[in-house]
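Printed here is work_16.txt (compact mmCIF, N, CA and C atoms):
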```
# COMPACT_ATOMS: atom_id res chain seq x y z
N MET A 1 25.47 -22.07 -62.10
CA MET A 1 26.73 -22.25 -62.78
C MET A 1 27.62 -21.07 -62.46
N LYS A 2 28.84 -21.35 -62.18
CA LYS A 2 29.83 -20.33 -61.85
C LYS A 2 30.83 -20.24 -63.00
N ILE A 3 31.15 -19.03 -63.44
CA ILE A 3 32.11 -18.83 -64.52
C ILE A 3 33.30 -18.04 -63.98
N SER A 4 34.50 -18.57 -64.18
CA SER A 4 35.73 -17.89 -63.76
C SER A 4 36.60 -17.67 -64.99
N ILE A 5 37.20 -16.49 -65.07
CA ILE A 5 38.10 -16.16 -66.18
C ILE A 5 39.43 -15.73 -65.60
N ASN A 6 40.49 -16.40 -66.02
CA ASN A 6 41.86 -16.04 -65.61
C ASN A 6 42.58 -15.48 -66.81
N ILE A 7 43.02 -14.24 -66.73
CA ILE A 7 43.79 -13.63 -67.81
C ILE A 7 45.26 -13.73 -67.45
N ASN A 8 46.00 -14.43 -68.32
CA ASN A 8 47.42 -14.64 -68.07
C ASN A 8 48.17 -14.39 -69.38
N PRO A 9 48.83 -13.24 -69.50
CA PRO A 9 49.55 -12.91 -70.74
C PRO A 9 50.66 -13.89 -71.08
N ASP A 10 51.15 -14.66 -70.09
CA ASP A 10 52.21 -15.63 -70.33
C ASP A 10 51.69 -16.95 -70.90
N ASN A 11 50.38 -17.16 -70.86
CA ASN A 11 49.80 -18.40 -71.38
C ASN A 11 49.79 -18.34 -72.92
N PRO A 12 50.38 -19.33 -73.60
CA PRO A 12 50.50 -19.27 -75.06
C PRO A 12 49.18 -19.45 -75.81
N GLU A 13 48.17 -20.09 -75.21
CA GLU A 13 46.90 -20.30 -75.89
C GLU A 13 45.75 -20.27 -74.90
N THR A 14 44.54 -20.14 -75.43
CA THR A 14 43.35 -20.13 -74.59
C THR A 14 43.05 -21.56 -74.15
N GLU A 15 42.74 -21.73 -72.88
CA GLU A 15 42.44 -23.04 -72.32
C GLU A 15 41.12 -22.95 -71.57
N ILE A 16 40.25 -23.91 -71.80
CA ILE A 16 38.96 -23.95 -71.10
C ILE A 16 38.94 -25.20 -70.23
N SER A 17 38.61 -25.01 -68.96
CA SER A 17 38.55 -26.11 -68.01
C SER A 17 37.14 -26.15 -67.41
N VAL A 18 36.54 -27.33 -67.37
CA VAL A 18 35.19 -27.48 -66.82
C VAL A 18 35.31 -28.34 -65.56
N THR A 19 34.82 -27.81 -64.45
CA THR A 19 34.79 -28.55 -63.19
C THR A 19 33.33 -28.76 -62.83
N CYS A 20 32.95 -30.03 -62.65
CA CYS A 20 31.54 -30.32 -62.37
C CYS A 20 31.41 -31.57 -61.50
N PRO A 21 30.31 -31.70 -60.77
CA PRO A 21 30.13 -32.88 -59.92
C PRO A 21 29.85 -34.16 -60.73
N ALA A 22 29.27 -33.99 -61.93
CA ALA A 22 28.96 -35.14 -62.79
C ALA A 22 28.85 -34.67 -64.24
N LEU A 23 29.06 -35.59 -65.17
CA LEU A 23 28.96 -35.27 -66.59
C LEU A 23 27.49 -35.38 -67.00
N THR A 24 26.77 -34.26 -66.88
CA THR A 24 25.34 -34.22 -67.18
C THR A 24 25.12 -33.85 -68.65
N PRO A 25 23.91 -34.04 -69.17
CA PRO A 25 23.63 -33.61 -70.54
C PRO A 25 23.90 -32.12 -70.77
N GLU A 26 23.68 -31.30 -69.75
CA GLU A 26 23.94 -29.87 -69.87
C GLU A 26 25.43 -29.60 -70.04
N VAL A 27 26.26 -30.31 -69.28
CA VAL A 27 27.72 -30.15 -69.38
C VAL A 27 28.19 -30.64 -70.75
N GLU A 28 27.65 -31.77 -71.21
CA GLU A 28 28.01 -32.29 -72.53
C GLU A 28 27.65 -31.30 -73.62
N LYS A 29 26.49 -30.65 -73.49
CA LYS A 29 26.07 -29.65 -74.47
C LYS A 29 27.03 -28.45 -74.46
N LEU A 30 27.43 -28.02 -73.28
CA LEU A 30 28.37 -26.92 -73.15
C LEU A 30 29.70 -27.26 -73.84
N ILE A 31 30.20 -28.46 -73.61
CA ILE A 31 31.45 -28.90 -74.23
C ILE A 31 31.30 -28.95 -75.75
N SER A 32 30.17 -29.45 -76.22
CA SER A 32 29.91 -29.53 -77.65
C SER A 32 29.89 -28.14 -78.28
N MET A 33 29.28 -27.18 -77.59
CA MET A 33 29.22 -25.81 -78.10
C MET A 33 30.61 -25.19 -78.21
N VAL A 34 31.46 -25.46 -77.24
CA VAL A 34 32.83 -24.94 -77.27
C VAL A 34 33.60 -25.56 -78.43
N ARG A 35 33.40 -26.85 -78.65
CA ARG A 35 34.09 -27.53 -79.76
C ARG A 35 33.65 -26.96 -81.10
N VAL A 36 32.37 -26.66 -81.25
CA VAL A 36 31.87 -26.08 -82.50
C VAL A 36 32.56 -24.76 -82.78
N MET A 37 32.74 -23.96 -81.74
CA MET A 37 33.38 -22.66 -81.92
C MET A 37 34.80 -22.79 -82.44
N ASP A 38 35.45 -23.91 -82.12
CA ASP A 38 36.84 -24.10 -82.49
C ASP A 38 37.00 -24.89 -83.79
N SER A 39 35.91 -25.36 -84.37
CA SER A 39 35.96 -26.17 -85.58
C SER A 39 35.89 -25.30 -86.82
N LYS A 40 36.53 -25.79 -87.88
CA LYS A 40 36.58 -25.03 -89.13
C LYS A 40 36.28 -25.93 -90.31
N LEU A 41 35.81 -25.33 -91.40
CA LEU A 41 35.54 -26.03 -92.65
C LEU A 41 36.30 -25.30 -93.75
N THR A 42 36.97 -26.06 -94.60
CA THR A 42 37.71 -25.47 -95.71
C THR A 42 36.73 -25.16 -96.85
N VAL A 43 36.71 -23.90 -97.28
CA VAL A 43 35.81 -23.45 -98.35
C VAL A 43 36.59 -22.58 -99.33
N LYS A 44 35.96 -22.32 -100.49
CA LYS A 44 36.62 -21.49 -101.52
C LYS A 44 35.67 -20.39 -101.98
N LYS A 45 36.29 -19.29 -102.41
CA LYS A 45 35.54 -18.20 -103.03
C LYS A 45 36.51 -17.40 -103.88
N ASP A 46 36.16 -17.20 -105.14
CA ASP A 46 36.97 -16.41 -106.06
C ASP A 46 38.44 -16.88 -106.11
N GLY A 47 38.65 -18.20 -106.14
CA GLY A 47 39.98 -18.75 -106.25
C GLY A 47 40.80 -18.72 -104.97
N GLU A 48 40.21 -18.25 -103.88
CA GLU A 48 40.91 -18.16 -102.60
C GLU A 48 40.33 -19.19 -101.64
N VAL A 49 41.18 -19.81 -100.82
CA VAL A 49 40.76 -20.82 -99.85
C VAL A 49 40.65 -20.17 -98.47
N PHE A 50 39.55 -20.48 -97.77
CA PHE A 50 39.30 -19.93 -96.44
C PHE A 50 39.06 -21.07 -95.46
N LEU A 51 39.43 -20.84 -94.20
CA LEU A 51 39.07 -21.74 -93.11
C LEU A 51 37.93 -21.05 -92.36
N LEU A 52 36.73 -21.57 -92.53
CA LEU A 52 35.52 -20.93 -92.02
C LEU A 52 35.10 -21.58 -90.71
N ASP A 53 34.86 -20.75 -89.69
CA ASP A 53 34.36 -21.26 -88.41
C ASP A 53 32.97 -21.87 -88.62
N LEU A 54 32.74 -23.06 -88.07
CA LEU A 54 31.45 -23.71 -88.22
C LEU A 54 30.32 -22.86 -87.65
N GLY A 55 30.61 -22.11 -86.61
CA GLY A 55 29.59 -21.27 -85.99
C GLY A 55 29.04 -20.20 -86.91
N GLU A 56 29.78 -19.85 -87.96
CA GLU A 56 29.34 -18.83 -88.91
C GLU A 56 28.39 -19.38 -89.97
N ILE A 57 28.38 -20.69 -90.15
CA ILE A 57 27.61 -21.30 -91.24
C ILE A 57 26.14 -21.37 -90.87
N LEU A 58 25.29 -20.82 -91.75
CA LEU A 58 23.84 -20.92 -91.56
C LEU A 58 23.34 -22.24 -92.13
N TYR A 59 23.69 -22.49 -93.40
CA TYR A 59 23.29 -23.75 -94.03
C TYR A 59 24.18 -24.07 -95.22
N LEU A 60 24.08 -25.32 -95.68
CA LEU A 60 24.81 -25.80 -96.85
C LEU A 60 23.80 -26.35 -97.83
N GLU A 61 24.07 -26.18 -99.11
CA GLU A 61 23.11 -26.61 -100.13
C GLU A 61 23.85 -27.13 -101.36
N THR A 62 23.35 -28.22 -101.92
CA THR A 62 23.93 -28.72 -103.17
C THR A 62 23.02 -28.33 -104.32
N MET A 63 23.66 -27.88 -105.40
CA MET A 63 22.95 -27.55 -106.65
C MET A 63 23.88 -27.91 -107.79
N GLU A 64 23.35 -28.63 -108.75
CA GLU A 64 24.12 -29.00 -109.94
C GLU A 64 25.48 -29.58 -109.59
N ARG A 65 25.49 -30.54 -108.67
CA ARG A 65 26.69 -31.26 -108.25
C ARG A 65 27.75 -30.40 -107.57
N LYS A 66 27.37 -29.22 -107.10
CA LYS A 66 28.28 -28.37 -106.36
C LYS A 66 27.67 -28.12 -104.98
N CYS A 67 28.53 -27.97 -103.97
CA CYS A 67 28.06 -27.74 -102.61
C CYS A 67 28.42 -26.33 -102.19
N PHE A 68 27.40 -25.56 -101.80
CA PHE A 68 27.58 -24.16 -101.41
C PHE A 68 27.38 -24.02 -99.90
N VAL A 69 28.18 -23.15 -99.31
CA VAL A 69 28.14 -22.90 -97.87
C VAL A 69 27.69 -21.45 -97.67
N TYR A 70 26.58 -21.26 -96.97
CA TYR A 70 26.00 -19.94 -96.77
C TYR A 70 26.27 -19.43 -95.36
N THR A 71 26.81 -18.21 -95.29
CA THR A 71 26.98 -17.53 -94.01
C THR A 71 26.03 -16.33 -94.03
N ASP A 72 26.11 -15.51 -93.02
CA ASP A 72 25.23 -14.34 -92.92
C ASP A 72 25.37 -13.42 -94.13
N LYS A 73 26.58 -13.26 -94.65
CA LYS A 73 26.80 -12.29 -95.72
C LYS A 73 27.39 -12.87 -97.00
N THR A 74 27.97 -14.07 -96.96
CA THR A 74 28.73 -14.58 -98.09
C THR A 74 28.35 -16.01 -98.42
N VAL A 75 28.53 -16.38 -99.69
CA VAL A 75 28.34 -17.76 -100.14
C VAL A 75 29.69 -18.29 -100.60
N TYR A 76 30.07 -19.44 -100.08
CA TYR A 76 31.31 -20.09 -100.44
C TYR A 76 30.99 -21.41 -101.14
N GLU A 77 32.03 -22.06 -101.65
CA GLU A 77 31.87 -23.38 -102.25
C GLU A 77 32.84 -24.33 -101.55
N THR A 78 32.45 -25.60 -101.45
CA THR A 78 33.33 -26.61 -100.87
C THR A 78 33.36 -27.82 -101.79
N ASP A 79 34.48 -28.52 -101.79
CA ASP A 79 34.63 -29.72 -102.61
C ASP A 79 34.02 -30.95 -101.95
N ALA A 80 33.70 -30.85 -100.67
CA ALA A 80 33.15 -31.99 -99.94
C ALA A 80 31.75 -32.34 -100.46
N LYS A 81 31.40 -33.60 -100.34
CA LYS A 81 30.07 -34.08 -100.73
C LYS A 81 29.11 -33.90 -99.56
N MET A 82 27.82 -33.74 -99.86
CA MET A 82 26.83 -33.49 -98.82
C MET A 82 26.80 -34.60 -97.77
N TYR A 83 26.89 -35.86 -98.18
CA TYR A 83 26.86 -36.95 -97.21
C TYR A 83 28.08 -36.91 -96.28
N GLU A 84 29.23 -36.48 -96.81
CA GLU A 84 30.43 -36.34 -95.99
C GLU A 84 30.25 -35.22 -94.97
N LEU A 85 29.69 -34.11 -95.43
CA LEU A 85 29.46 -32.97 -94.54
C LEU A 85 28.44 -33.31 -93.46
N GLU A 86 27.41 -34.06 -93.85
CA GLU A 86 26.39 -34.45 -92.88
C GLU A 86 27.02 -35.27 -91.75
N GLN A 87 27.88 -36.22 -92.09
CA GLN A 87 28.56 -37.03 -91.07
C GLN A 87 29.51 -36.18 -90.23
N GLN A 88 30.26 -35.33 -90.89
CA GLN A 88 31.26 -34.50 -90.21
C GLN A 88 30.63 -33.47 -89.27
N LEU A 89 29.48 -32.93 -89.67
CA LEU A 89 28.90 -31.81 -88.93
C LEU A 89 27.74 -32.17 -88.00
N ALA A 90 27.31 -33.42 -88.01
CA ALA A 90 26.16 -33.83 -87.19
C ALA A 90 26.37 -33.52 -85.71
N ALA A 91 27.55 -33.77 -85.21
CA ALA A 91 27.83 -33.53 -83.79
C ALA A 91 27.97 -32.04 -83.47
N SER A 92 27.99 -31.20 -84.50
CA SER A 92 28.16 -29.76 -84.31
C SER A 92 26.86 -28.98 -84.47
N GLY A 93 25.73 -29.67 -84.37
CA GLY A 93 24.44 -28.99 -84.41
C GLY A 93 23.86 -28.79 -85.80
N PHE A 94 24.35 -29.52 -86.80
CA PHE A 94 23.81 -29.43 -88.15
C PHE A 94 22.81 -30.56 -88.36
N PHE A 95 21.80 -30.30 -89.19
CA PHE A 95 20.73 -31.28 -89.43
C PHE A 95 20.29 -31.20 -90.88
N ARG A 96 20.12 -32.36 -91.51
CA ARG A 96 19.67 -32.40 -92.90
C ARG A 96 18.16 -32.19 -92.92
N VAL A 97 17.71 -31.21 -93.72
CA VAL A 97 16.28 -30.90 -93.81
C VAL A 97 15.69 -31.27 -95.17
N SER A 98 16.55 -31.63 -96.13
CA SER A 98 16.10 -32.11 -97.44
C SER A 98 17.28 -32.83 -98.09
N LYS A 99 17.04 -33.43 -99.25
CA LYS A 99 18.13 -34.13 -99.94
C LYS A 99 19.29 -33.19 -100.24
N SER A 100 18.99 -31.92 -100.44
CA SER A 100 20.03 -30.99 -100.88
C SER A 100 20.44 -29.96 -99.82
N THR A 101 19.86 -29.99 -98.62
CA THR A 101 20.13 -28.93 -97.65
C THR A 101 20.44 -29.46 -96.25
N LEU A 102 21.48 -28.89 -95.67
CA LEU A 102 21.92 -29.19 -94.31
C LEU A 102 22.02 -27.85 -93.60
N LEU A 103 21.36 -27.70 -92.44
CA LEU A 103 21.42 -26.40 -91.78
C LEU A 103 21.86 -26.53 -90.33
N GLN A 104 22.33 -25.41 -89.80
CA GLN A 104 22.75 -25.36 -88.40
C GLN A 104 21.55 -24.93 -87.56
N LEU A 105 21.14 -25.81 -86.67
CA LEU A 105 19.91 -25.60 -85.90
C LEU A 105 19.92 -24.30 -85.09
N LYS A 106 21.08 -23.89 -84.59
CA LYS A 106 21.12 -22.69 -83.74
C LYS A 106 20.83 -21.41 -84.52
N HIS A 107 20.87 -21.47 -85.85
CA HIS A 107 20.61 -20.29 -86.66
C HIS A 107 19.16 -20.21 -87.16
N ILE A 108 18.30 -21.09 -86.67
CA ILE A 108 16.89 -21.04 -87.04
C ILE A 108 16.22 -19.91 -86.26
N LYS A 109 15.54 -19.04 -86.99
CA LYS A 109 14.82 -17.93 -86.36
C LYS A 109 13.37 -18.30 -86.11
N SER A 110 12.73 -18.92 -87.14
CA SER A 110 11.33 -19.31 -86.98
C SER A 110 10.97 -20.45 -87.93
N LEU A 111 9.85 -21.09 -87.62
CA LEU A 111 9.33 -22.20 -88.42
C LEU A 111 7.88 -21.92 -88.77
N ARG A 112 7.46 -22.35 -89.96
CA ARG A 112 6.07 -22.20 -90.36
C ARG A 112 5.66 -23.44 -91.13
N ALA A 113 4.49 -23.99 -90.80
CA ALA A 113 3.97 -25.14 -91.54
C ALA A 113 3.75 -24.73 -92.99
N ASP A 114 4.11 -25.61 -93.90
CA ASP A 114 3.99 -25.34 -95.34
C ASP A 114 3.13 -26.44 -95.96
N LEU A 115 2.89 -26.35 -97.25
CA LEU A 115 2.08 -27.35 -97.95
C LEU A 115 2.72 -28.73 -97.88
N ASN A 116 1.88 -29.76 -97.94
CA ASN A 116 2.34 -31.16 -97.98
C ASN A 116 3.24 -31.55 -96.81
N HIS A 117 2.93 -31.05 -95.63
CA HIS A 117 3.65 -31.39 -94.40
C HIS A 117 5.12 -30.96 -94.39
N ARG A 118 5.43 -29.99 -95.23
CA ARG A 118 6.79 -29.44 -95.21
C ARG A 118 6.85 -28.32 -94.19
N ILE A 119 8.06 -27.86 -93.88
CA ILE A 119 8.24 -26.77 -92.93
C ILE A 119 9.07 -25.68 -93.61
N ARG A 120 8.59 -24.45 -93.55
CA ARG A 120 9.34 -23.31 -94.07
C ARG A 120 10.13 -22.73 -92.90
N ILE A 121 11.46 -22.73 -93.05
CA ILE A 121 12.36 -22.30 -91.98
C ILE A 121 12.95 -20.94 -92.35
N THR A 122 12.86 -20.00 -91.44
CA THR A 122 13.51 -18.70 -91.64
C THR A 122 14.77 -18.70 -90.79
N MET A 123 15.89 -18.40 -91.44
CA MET A 123 17.18 -18.39 -90.77
C MET A 123 17.44 -17.00 -90.16
N ASP A 124 18.48 -16.88 -89.35
CA ASP A 124 18.83 -15.62 -88.69
C ASP A 124 18.95 -14.45 -89.65
N ASN A 125 19.44 -14.71 -90.87
CA ASN A 125 19.65 -13.62 -91.83
C ASN A 125 18.40 -13.33 -92.68
N GLY A 126 17.28 -14.01 -92.39
CA GLY A 126 16.04 -13.78 -93.12
C GLY A 126 15.82 -14.72 -94.30
N GLU A 127 16.85 -15.46 -94.72
CA GLU A 127 16.68 -16.40 -95.82
C GLU A 127 15.78 -17.54 -95.38
N GLN A 128 15.03 -18.09 -96.35
CA GLN A 128 14.13 -19.19 -96.05
C GLN A 128 14.60 -20.48 -96.71
N VAL A 129 14.46 -21.55 -95.95
CA VAL A 129 14.83 -22.89 -96.39
C VAL A 129 13.62 -23.78 -96.13
N VAL A 130 13.36 -24.73 -97.02
CA VAL A 130 12.21 -25.62 -96.84
C VAL A 130 12.69 -27.00 -96.41
N ALA A 131 12.12 -27.48 -95.30
CA ALA A 131 12.38 -28.85 -94.85
C ALA A 131 11.35 -29.75 -95.51
N SER A 132 11.81 -30.78 -96.20
CA SER A 132 10.89 -31.69 -96.87
C SER A 132 10.12 -32.50 -95.85
N ARG A 133 9.00 -33.05 -96.25
CA ARG A 133 8.17 -33.81 -95.31
C ARG A 133 8.90 -35.04 -94.78
N MET A 134 9.85 -35.55 -95.57
CA MET A 134 10.63 -36.71 -95.14
C MET A 134 11.45 -36.41 -93.88
N TYR A 135 11.88 -35.16 -93.72
CA TYR A 135 12.72 -34.77 -92.58
C TYR A 135 11.96 -33.93 -91.55
N ALA A 136 10.74 -33.53 -91.84
CA ALA A 136 9.99 -32.60 -90.99
C ALA A 136 9.75 -33.12 -89.58
N ASP A 137 9.30 -34.37 -89.45
CA ASP A 137 9.01 -34.91 -88.11
C ASP A 137 10.27 -35.00 -87.26
N GLU A 138 11.36 -35.45 -87.87
CA GLU A 138 12.61 -35.55 -87.12
C GLU A 138 13.13 -34.17 -86.72
N LEU A 139 12.92 -33.18 -87.57
CA LEU A 139 13.31 -31.81 -87.24
C LEU A 139 12.52 -31.31 -86.04
N ARG A 140 11.21 -31.52 -86.05
CA ARG A 140 10.38 -31.10 -84.91
C ARG A 140 10.86 -31.78 -83.63
N GLU A 141 11.13 -33.07 -83.74
CA GLU A 141 11.60 -33.83 -82.58
C GLU A 141 12.94 -33.28 -82.08
N ARG A 142 13.84 -33.02 -82.99
CA ARG A 142 15.18 -32.52 -82.64
C ARG A 142 15.09 -31.16 -81.95
N LEU A 143 14.10 -30.35 -82.35
CA LEU A 143 13.92 -29.02 -81.75
C LEU A 143 13.05 -29.06 -80.50
N GLY A 144 12.55 -30.26 -80.17
CA GLY A 144 11.73 -30.41 -78.97
C GLY A 144 10.32 -29.88 -79.15
N LEU A 145 9.83 -29.87 -80.39
CA LEU A 145 8.48 -29.38 -80.68
C LEU A 145 7.52 -30.56 -80.74
N LYS A 146 6.44 -30.45 -80.03
CA LYS A 146 5.42 -31.51 -80.04
C LYS A 146 4.41 -31.20 -81.13
N GLN A 147 3.97 -32.24 -81.82
CA GLN A 147 2.91 -32.03 -82.82
C GLN A 147 1.57 -32.04 -82.14
N ALA A 148 0.70 -31.13 -82.55
CA ALA A 148 -0.62 -31.01 -81.94
C ALA A 148 -1.55 -32.08 -82.47
```
Using structure tokens, write down the structure that the file contains.
Amino acid sequence: MKISININPDNPETEISVTCPALTPEVEKLISMVRVMDSKLTVKKDGEVFLLDLGEILYLETMERKCFVYTDKTVYETDAKMYELEQQLAASGFFRVSKSTLLQLKHIKSLRADLNHRIRITMDNGEQVVASRMYADELRERLGLKQA
């Protein structure tokens, strides 16, 4: 793969152009990753509204009818429902691991088998999330892990 960067101070915005012989799964993944970087989610904290880059989100969790968005250092709240977020974020590398948790796969640091066929997931920031057995097999498949 060849990468070229043109710096042009007269260009009003950043533009990414992909030239390839065919639209392969690798090229599609690259395009998807670029789109994730440019996507945002509206969240709130302390009465202030933020536009949060999807790439910063480690996971989302619902508790007591509220949806919380976790980043490396901060927890935000969103008015969106978990099922809406799951549909909206699926193409951006997010995966539901339990009824109440949706996480971004690229922020998984490690996995450990847990009781009752669950999976204990350690995120980049050291926080742990548990994938329920209902979602465990699909998670392994999504990550390309074969069961022994």
TODO: Write out as a ChimeraX atom specification all residues of chain A that backbone DSSP assigns to strand (DSSP E).
DONE: /A:40-45,48-53,59-63,66-70,75-78,94-98,101-104,108-113,119-123,128-131
TODO: Would you list, as a PyMOL selection string, the residues of region 110-142 of chain A that end up in alpha helix (DSSP H) under DSSP run on this structure's backbone?
DONE: chain A and resi 133-142
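Note that atom N of Glu141 (chain A) and atom N of Arg65 (chain A) are 28.9 Å apart.
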Task: Near-Lys44 (chain A) list (8 Å; only C-alpha atoms; drop same-chain fewer than 2 positions) as a VMD selection string - done: chain A and resid 42 46 to 50 76 to 78
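Atom pair CA of Arg133 (chain A) / atom N of Arg118 (chain A): separated by 4.7 Å.
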Open item on the list: Between CA of Met134 (chain A) and CA of Leu105 (chain A), what is the distance in Å, rounded to a tenth?
Closed with: 17.2 Å
Task: A:Leu145, A:Leu58, A:Val75, A:Met63 ranked by distance to Gln128 (chain A), top pick (using only C-alpha atoms) - done: A:Leu58
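Proximity of A:Lys106, A:Arg142, A:Lys99, A:Arg112 to Thr62 (chain A), computed with all atoms listed in the file, is greatest for A:Lys99.
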- [ ] Determine, counting all atoms listed in the file, which protein, DNA and RNA residues have an atom within 8 Å of an atom of Met82 (chain A); residues of the same chain fewer than 5 positions away are not included. Present the result as number ranges by chain.
- [x] A: 60-62, 66-67, 87-88, 99-102
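Considering only C-alpha atoms, the residue among A:Ile7, A:Val129, A:Leu41, A:Ala136 positioned nearest to Glu84 (chain A) is A:Leu41.
Across A:Val43, A:Ile31, A:Gly93, A:Pro9, the tightest approach to Val69 (chain A) is made by A:Val43 when counting all atoms listed in the file.
Among the candidates A:Ala113, A:Thr71, A:Ile16, A:Ser98, the one nearest to Asn125 (chain A) when counting all atoms listed in the file is A:Thr71.
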- [ ] For Ile5 (chain A), list every protein, DNA or RNA residue within 12 Å, evaluated using only C-alpha atoms, and leave out those in the same chain fewer than 2 positions away; present the list as a PyMOL selection string.
- [x] chain A and resi 2-3+7-8+14-18
I need the residues from that last selection saved to file as a short mmCIF file (atom, residue, chain, number, x, y, z; two decimals), in the frame of the given file (with N, CA and C atoms), if you can.
```cif
data_model
loop_
_atom_site.label_atom_id
_atom_site.label_comp_id
_atom_site.auth_asym_id
_atom_site.auth_seq_id
_atom_site.Cartn_x
_atom_site.Cartn_y
_atom_site.Cartn_z
N LYS A 2 28.84 -21.35 -62.18
CA LYS A 2 29.83 -20.33 -61.85
C LYS A 2 30.83 -20.24 -63.00
N ILE A 3 31.15 -19.03 -63.44
CA ILE A 3 32.11 -18.83 -64.52
C ILE A 3 33.30 -18.04 -63.98
N ILE A 7 43.02 -14.24 -66.73
CA ILE A 7 43.79 -13.63 -67.81
C ILE A 7 45.26 -13.73 -67.45
N ASN A 8 46.00 -14.43 -68.32
CA ASN A 8 47.42 -14.64 -68.07
C ASN A 8 48.17 -14.39 -69.38
N THR A 14 44.54 -20.14 -75.43
CA THR A 14 43.35 -20.13 -74.59
C THR A 14 43.05 -21.56 -74.15
N GLU A 15 42.74 -21.73 -72.88
CA GLU A 15 42.44 -23.04 -72.32
C GLU A 15 41.12 -22.95 -71.57
N ILE A 16 40.25 -23.91 -71.80
CA ILE A 16 38.96 -23.95 -71.10
C ILE A 16 38.94 -25.20 -70.23
N SER A 17 38.61 -25.01 -68.96
CA SER A 17 38.55 -26.11 -68.01
C SER A 17 37.14 -26.15 -67.41
N VAL A 18 36.54 -27.33 -67.37
CA VAL A 18 35.19 -27.48 -66.82
C VAL A 18 35.31 -28.34 -65.56
#
```
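When only C-alpha atoms are used to measure the gap to Asp79 (chain A), the shortest distance among A:Arg140, A:Lys29, A:Lys45, A:His117 belongs to A:Lys45.
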